[in-house]
$ cat entry_24.tsv   # TSV, C-alpha atoms
chain	number	residue	atom	x	y	z
A	1	MET	CA	21.35	-8.24	-10.87
A	2	ILE	CA	17.72	-9.16	-11.49
A	3	THR	CA	17.50	-12.23	-13.71
A	4	LYS	CA	15.05	-12.97	-16.50
A	5	SER	CA	13.56	-15.83	-14.48
A	6	GLU	CA	12.96	-13.51	-11.50
A	7	ILE	CA	11.16	-11.02	-13.74
A	8	GLU	CA	9.04	-13.82	-15.20
A	9	HIS	CA	8.24	-15.08	-11.69
A	10	LEU	CA	7.22	-11.61	-10.50
A	11	ALA	CA	5.12	-11.08	-13.63
A	12	LYS	CA	3.35	-14.39	-13.03
A	13	LEU	CA	2.66	-13.54	-9.37
A	14	SER	CA	1.36	-10.11	-10.41
A	15	ARG	CA	-0.63	-11.57	-13.28
A	16	LEU	CA	1.13	-9.27	-15.71
A	17	TYR	CA	1.62	-10.20	-19.32
A	18	LEU	CA	4.86	-8.57	-20.46
A	19	THR	CA	6.54	-8.43	-23.82
A	20	ASP	CA	10.25	-9.20	-24.09
A	21	ALA	CA	10.99	-5.49	-24.33
A	22	GLU	CA	8.92	-4.77	-21.22
A	23	ARG	CA	10.71	-7.53	-19.32
A	24	GLU	CA	14.08	-6.08	-20.28
A	25	THR	CA	13.05	-2.55	-19.29
A	26	LEU	CA	11.62	-3.79	-15.99
A	27	ALA	CA	14.80	-5.72	-15.21
A	28	LYS	CA	16.92	-2.58	-15.75
A	29	GLU	CA	14.59	-0.44	-13.62
A	30	MET	CA	14.54	-3.00	-10.81
A	31	ASP	CA	18.34	-3.25	-10.93
A	32	GLY	CA	18.45	0.51	-10.40
A	33	ILE	CA	16.13	0.24	-7.41
A	34	VAL	CA	18.24	-2.54	-5.86
A	35	ASP	CA	21.42	-0.50	-6.45
A	36	MET	CA	19.86	2.53	-4.78
A	37	ALA	CA	18.85	0.45	-1.75
A	38	ALA	CA	22.40	-0.92	-1.54
A	39	GLN	CA	23.77	2.64	-1.52
A	40	LEU	CA	21.42	3.55	1.33
A	41	GLN	CA	22.66	0.59	3.37
A	42	GLN	CA	26.23	1.90	3.07
A	43	LEU	CA	25.40	5.23	4.74
A	44	ASP	CA	26.95	5.83	8.16
A	45	LEU	CA	24.03	6.85	10.36
A	46	ASP	CA	25.68	6.35	13.76
A	47	SER	CA	26.15	10.09	14.27
A	48	VAL	CA	22.63	11.01	13.12
A	49	GLU	CA	20.22	11.86	15.92
A	50	LEU	CA	16.64	10.73	15.47
A	51	THR	CA	14.22	13.64	15.82
A	52	LEU	CA	10.50	14.08	15.40
A	53	ASP	CA	10.32	17.88	15.45
A	54	GLY	CA	10.68	17.76	19.22
A	55	ARG	CA	7.37	15.97	19.64
A	56	ARG	CA	7.20	12.82	21.65
A	57	ASN	CA	3.80	11.16	21.30
A	58	VAL	CA	1.73	12.66	18.50
A	59	LEU	CA	-1.15	10.26	18.99
A	60	ARG	CA	-4.33	11.35	20.72
A	61	GLU	CA	-5.87	9.55	23.64
A	62	ASP	CA	-8.62	7.07	22.85
A	63	GLU	CA	-11.94	8.39	24.00
A	64	ILE	CA	-15.52	7.42	23.40
A	65	ILE	CA	-17.48	10.13	21.61
A	66	PRO	CA	-21.07	10.17	20.38
A	67	SER	CA	-21.61	9.02	16.81
A	68	TYR	CA	-24.45	9.12	14.31
A	69	SER	CA	-27.38	6.76	14.67
A	70	ARG	CA	-27.78	3.92	12.19
A	71	ASP	CA	-30.93	5.51	10.75
A	72	GLU	CA	-29.15	8.81	10.22
A	73	ILE	CA	-26.26	7.11	8.43
A	74	LEU	CA	-28.56	5.06	6.21
A	75	LYS	CA	-31.00	7.85	5.34
A	76	ASN	CA	-29.17	8.65	2.07
A	77	ALA	CA	-28.47	5.06	1.08
A	78	PRO	CA	-30.16	4.23	-2.22
A	79	VAL	CA	-30.83	0.65	-1.08
A	80	ARG	CA	-30.96	-0.71	2.48
A	81	GLU	CA	-31.38	-4.24	3.69
A	82	ALA	CA	-31.58	-5.44	7.31
A	83	GLY	CA	-30.22	-2.14	8.63
A	84	CYS	CA	-27.20	-2.18	6.31
A	85	PHE	CA	-26.11	-0.69	3.00
A	86	SER	CA	-27.02	-2.98	0.14
A	87	VAL	CA	-24.73	-2.88	-2.87
A	88	PRO	CA	-24.73	-4.78	-6.16
A	89	LYS	CA	-22.66	-7.96	-6.28
A	90	THR	CA	-19.39	-7.27	-8.08
A	91	VAL	CA	-17.52	-10.56	-7.69
A	92	GLU	CA	-18.80	-13.92	-8.80

$ encode --input "entry_24.tsv" --output "structure tokens"
Amino acid sequence: MITKSEIEHLAKLSRLYLTDAERETLAKEMDGIVDMAAQLQQLDLDSVELTLDGRRNVLREDEIIPSYSRDEILKNAPVREAGCFSVPKTVE
């Protein structure tokens, strides 16, 4: 069971400001999630064969391919500085 102090701790870490009703609702919802995870852990999966649609390695080989030039990439940039995109500062 998720306790009130655990909900308060999670809210503090997440920088969420919750009302008492929201805390209570969240505790019930999180209890349901924990219960569902506990049910999944009880499943017997020993007889289940792992399959990936018959495919083994679905990743492609790494290969070097030509790319765009810097000038071509930057040609539509509204503001450029020292060969890079220049964007407004958003964080102090």

$ closest_residue --input "entry_24.tsv" --among "A:Glu63, A:Pro78, A:Ile2, A:Gly83" --to "Gly32 in chain A" --atoms "all atoms listed in the file"
A:Ile2

$ atom_distance --input "entry_24.tsv" --atom1 "CA of Glu6 in chain A" --atom2 "CA of Glu22 in chain A"
13.7 Å

$ atom_distance --input "entry_24.tsv" --atom1 "CA of Thr25 in chain A" --atom2 "CA of Ile7 in chain A"
10.3 Å

$ axis_aligned_box --input "entry_24.tsv" --around "range 62-68 of chain A" --padding-each-side "5 Å" --output "JSON"
{"center_x": -16.5, "center_y": 8.6, "center_z": 19.2, "size_x": 25.8, "size_y": 13.1, "size_z": 19.7}

$ residues_around --input "entry_24.tsv" --residues "Val87 in chain A" --least-positions-apart "6" --cutoff "12 Å" --atoms "all atoms listed in the file" --output "list in words"
Ala77, Pro78, Val79, Arg80 and Glu81 of chain A

$ residues_around --input "entry_24.tsv" --residues "Asp20 in chain A" --least-positions-apart "3" --cutoff "12 Å" --atoms "only C-alpha atoms" --output "VMD selection string"
chain A and resid 4 7 to 8 11 17 23 to 27

$ closest_residue --input "entry_24.tsv" --among "A:Ile65, A:Met1, A:Thr19, A:Leu10" --to "Ala38 in chain A" --atoms "only C-alpha atoms"
A:Met1

$ atom_distance --input "entry_24.tsv" --atom1 "CA of Asn76 in chain A" --atom2 "CA of Asp62 in chain A"
29.3 Å

$ decode --input "entry_24.tsv" --residues "range 75-86 of chain A" --atoms "N, CA and C atoms" --output "PDB file, in the first residue's frame"
ATOM      1  N   LYS A  75      21.147  26.859 -44.472  1.00  0.00           N
ATOM      2  CA  LYS A  75      20.620  27.862 -45.399  1.00  0.00           C
ATOM      3  C   LYS A  75      19.227  28.363 -45.017  1.00  0.00           C
ATOM      4  N   ASN A  76      18.439  27.599 -44.300  1.00  0.00           N
ATOM      5  CA  ASN A  76      17.106  28.043 -43.891  1.00  0.00           C
ATOM      6  C   ASN A  76      17.049  28.511 -42.436  1.00  0.00           C
ATOM      7  N   ALA A  77      18.188  28.533 -41.776  1.00  0.00           N
ATOM      8  CA  ALA A  77      18.201  28.985 -40.384  1.00  0.00           C
ATOM      9  C   ALA A  77      17.967  30.485 -40.332  1.00  0.00           C
ATOM     10  N   PRO A  78      17.043  30.953 -39.494  1.00  0.00           N
ATOM     11  CA  PRO A  78      16.793  32.387 -39.410  1.00  0.00           C
ATOM     12  C   PRO A  78      18.001  33.164 -38.896  1.00  0.00           C
ATOM     13  N   VAL A  79      18.746  32.541 -37.957  1.00  0.00           N
ATOM     14  CA  VAL A  79      19.927  33.203 -37.395  1.00  0.00           C
ATOM     15  C   VAL A  79      21.044  32.166 -37.283  1.00  0.00           C
ATOM     16  N   ARG A  80      22.226  32.531 -37.771  1.00  0.00           N
ATOM     17  CA  ARG A  80      23.399  31.663 -37.699  1.00  0.00           C
ATOM     18  C   ARG A  80      24.509  32.400 -36.981  1.00  0.00           C
ATOM     19  N   GLU A  81      25.333  31.624 -36.293  1.00  0.00           N
ATOM     20  CA  GLU A  81      26.476  32.230 -35.616  1.00  0.00           C
ATOM     21  C   GLU A  81      27.601  31.202 -35.555  1.00  0.00           C
ATOM     22  N   ALA A  82      28.737  31.535 -36.114  1.00  0.00           N
ATOM     23  CA  ALA A  82      29.926  30.675 -36.110  1.00  0.00           C
ATOM     24  C   ALA A  82      29.641  29.302 -36.703  1.00  0.00           C
ATOM     25  N   GLY A  83      28.846  29.261 -37.781  1.00  0.00           N
ATOM     26  CA  GLY A  83      28.552  28.002 -38.441  1.00  0.00           C
ATOM     27  C   GLY A  83      27.570  27.114 -37.701  1.00  0.00           C
ATOM     28  N   CYS A  84      26.793  27.699 -36.802  1.00  0.00           N
ATOM     29  CA  CYS A  84      25.824  26.940 -36.008  1.00  0.00           C
ATOM     30  C   CYS A  84      24.476  27.652 -36.009  1.00  0.00           C
ATOM     31  N   PHE A  85      23.426  26.925 -35.618  1.00  0.00           N
ATOM     32  CA  PHE A  85      22.129  27.552 -35.397  1.00  0.00           C
ATOM     33  C   PHE A  85      22.251  28.441 -34.173  1.00  0.00           C
ATOM     34  N   SER A  86      21.642  29.607 -34.220  1.00  0.00           N
ATOM     35  CA  SER A  86      21.627  30.474 -33.055  1.00  0.00           C
ATOM     36  C   SER A  86      20.166  30.624 -32.634  1.00  0.00           C
TER      37      SER A  86
END
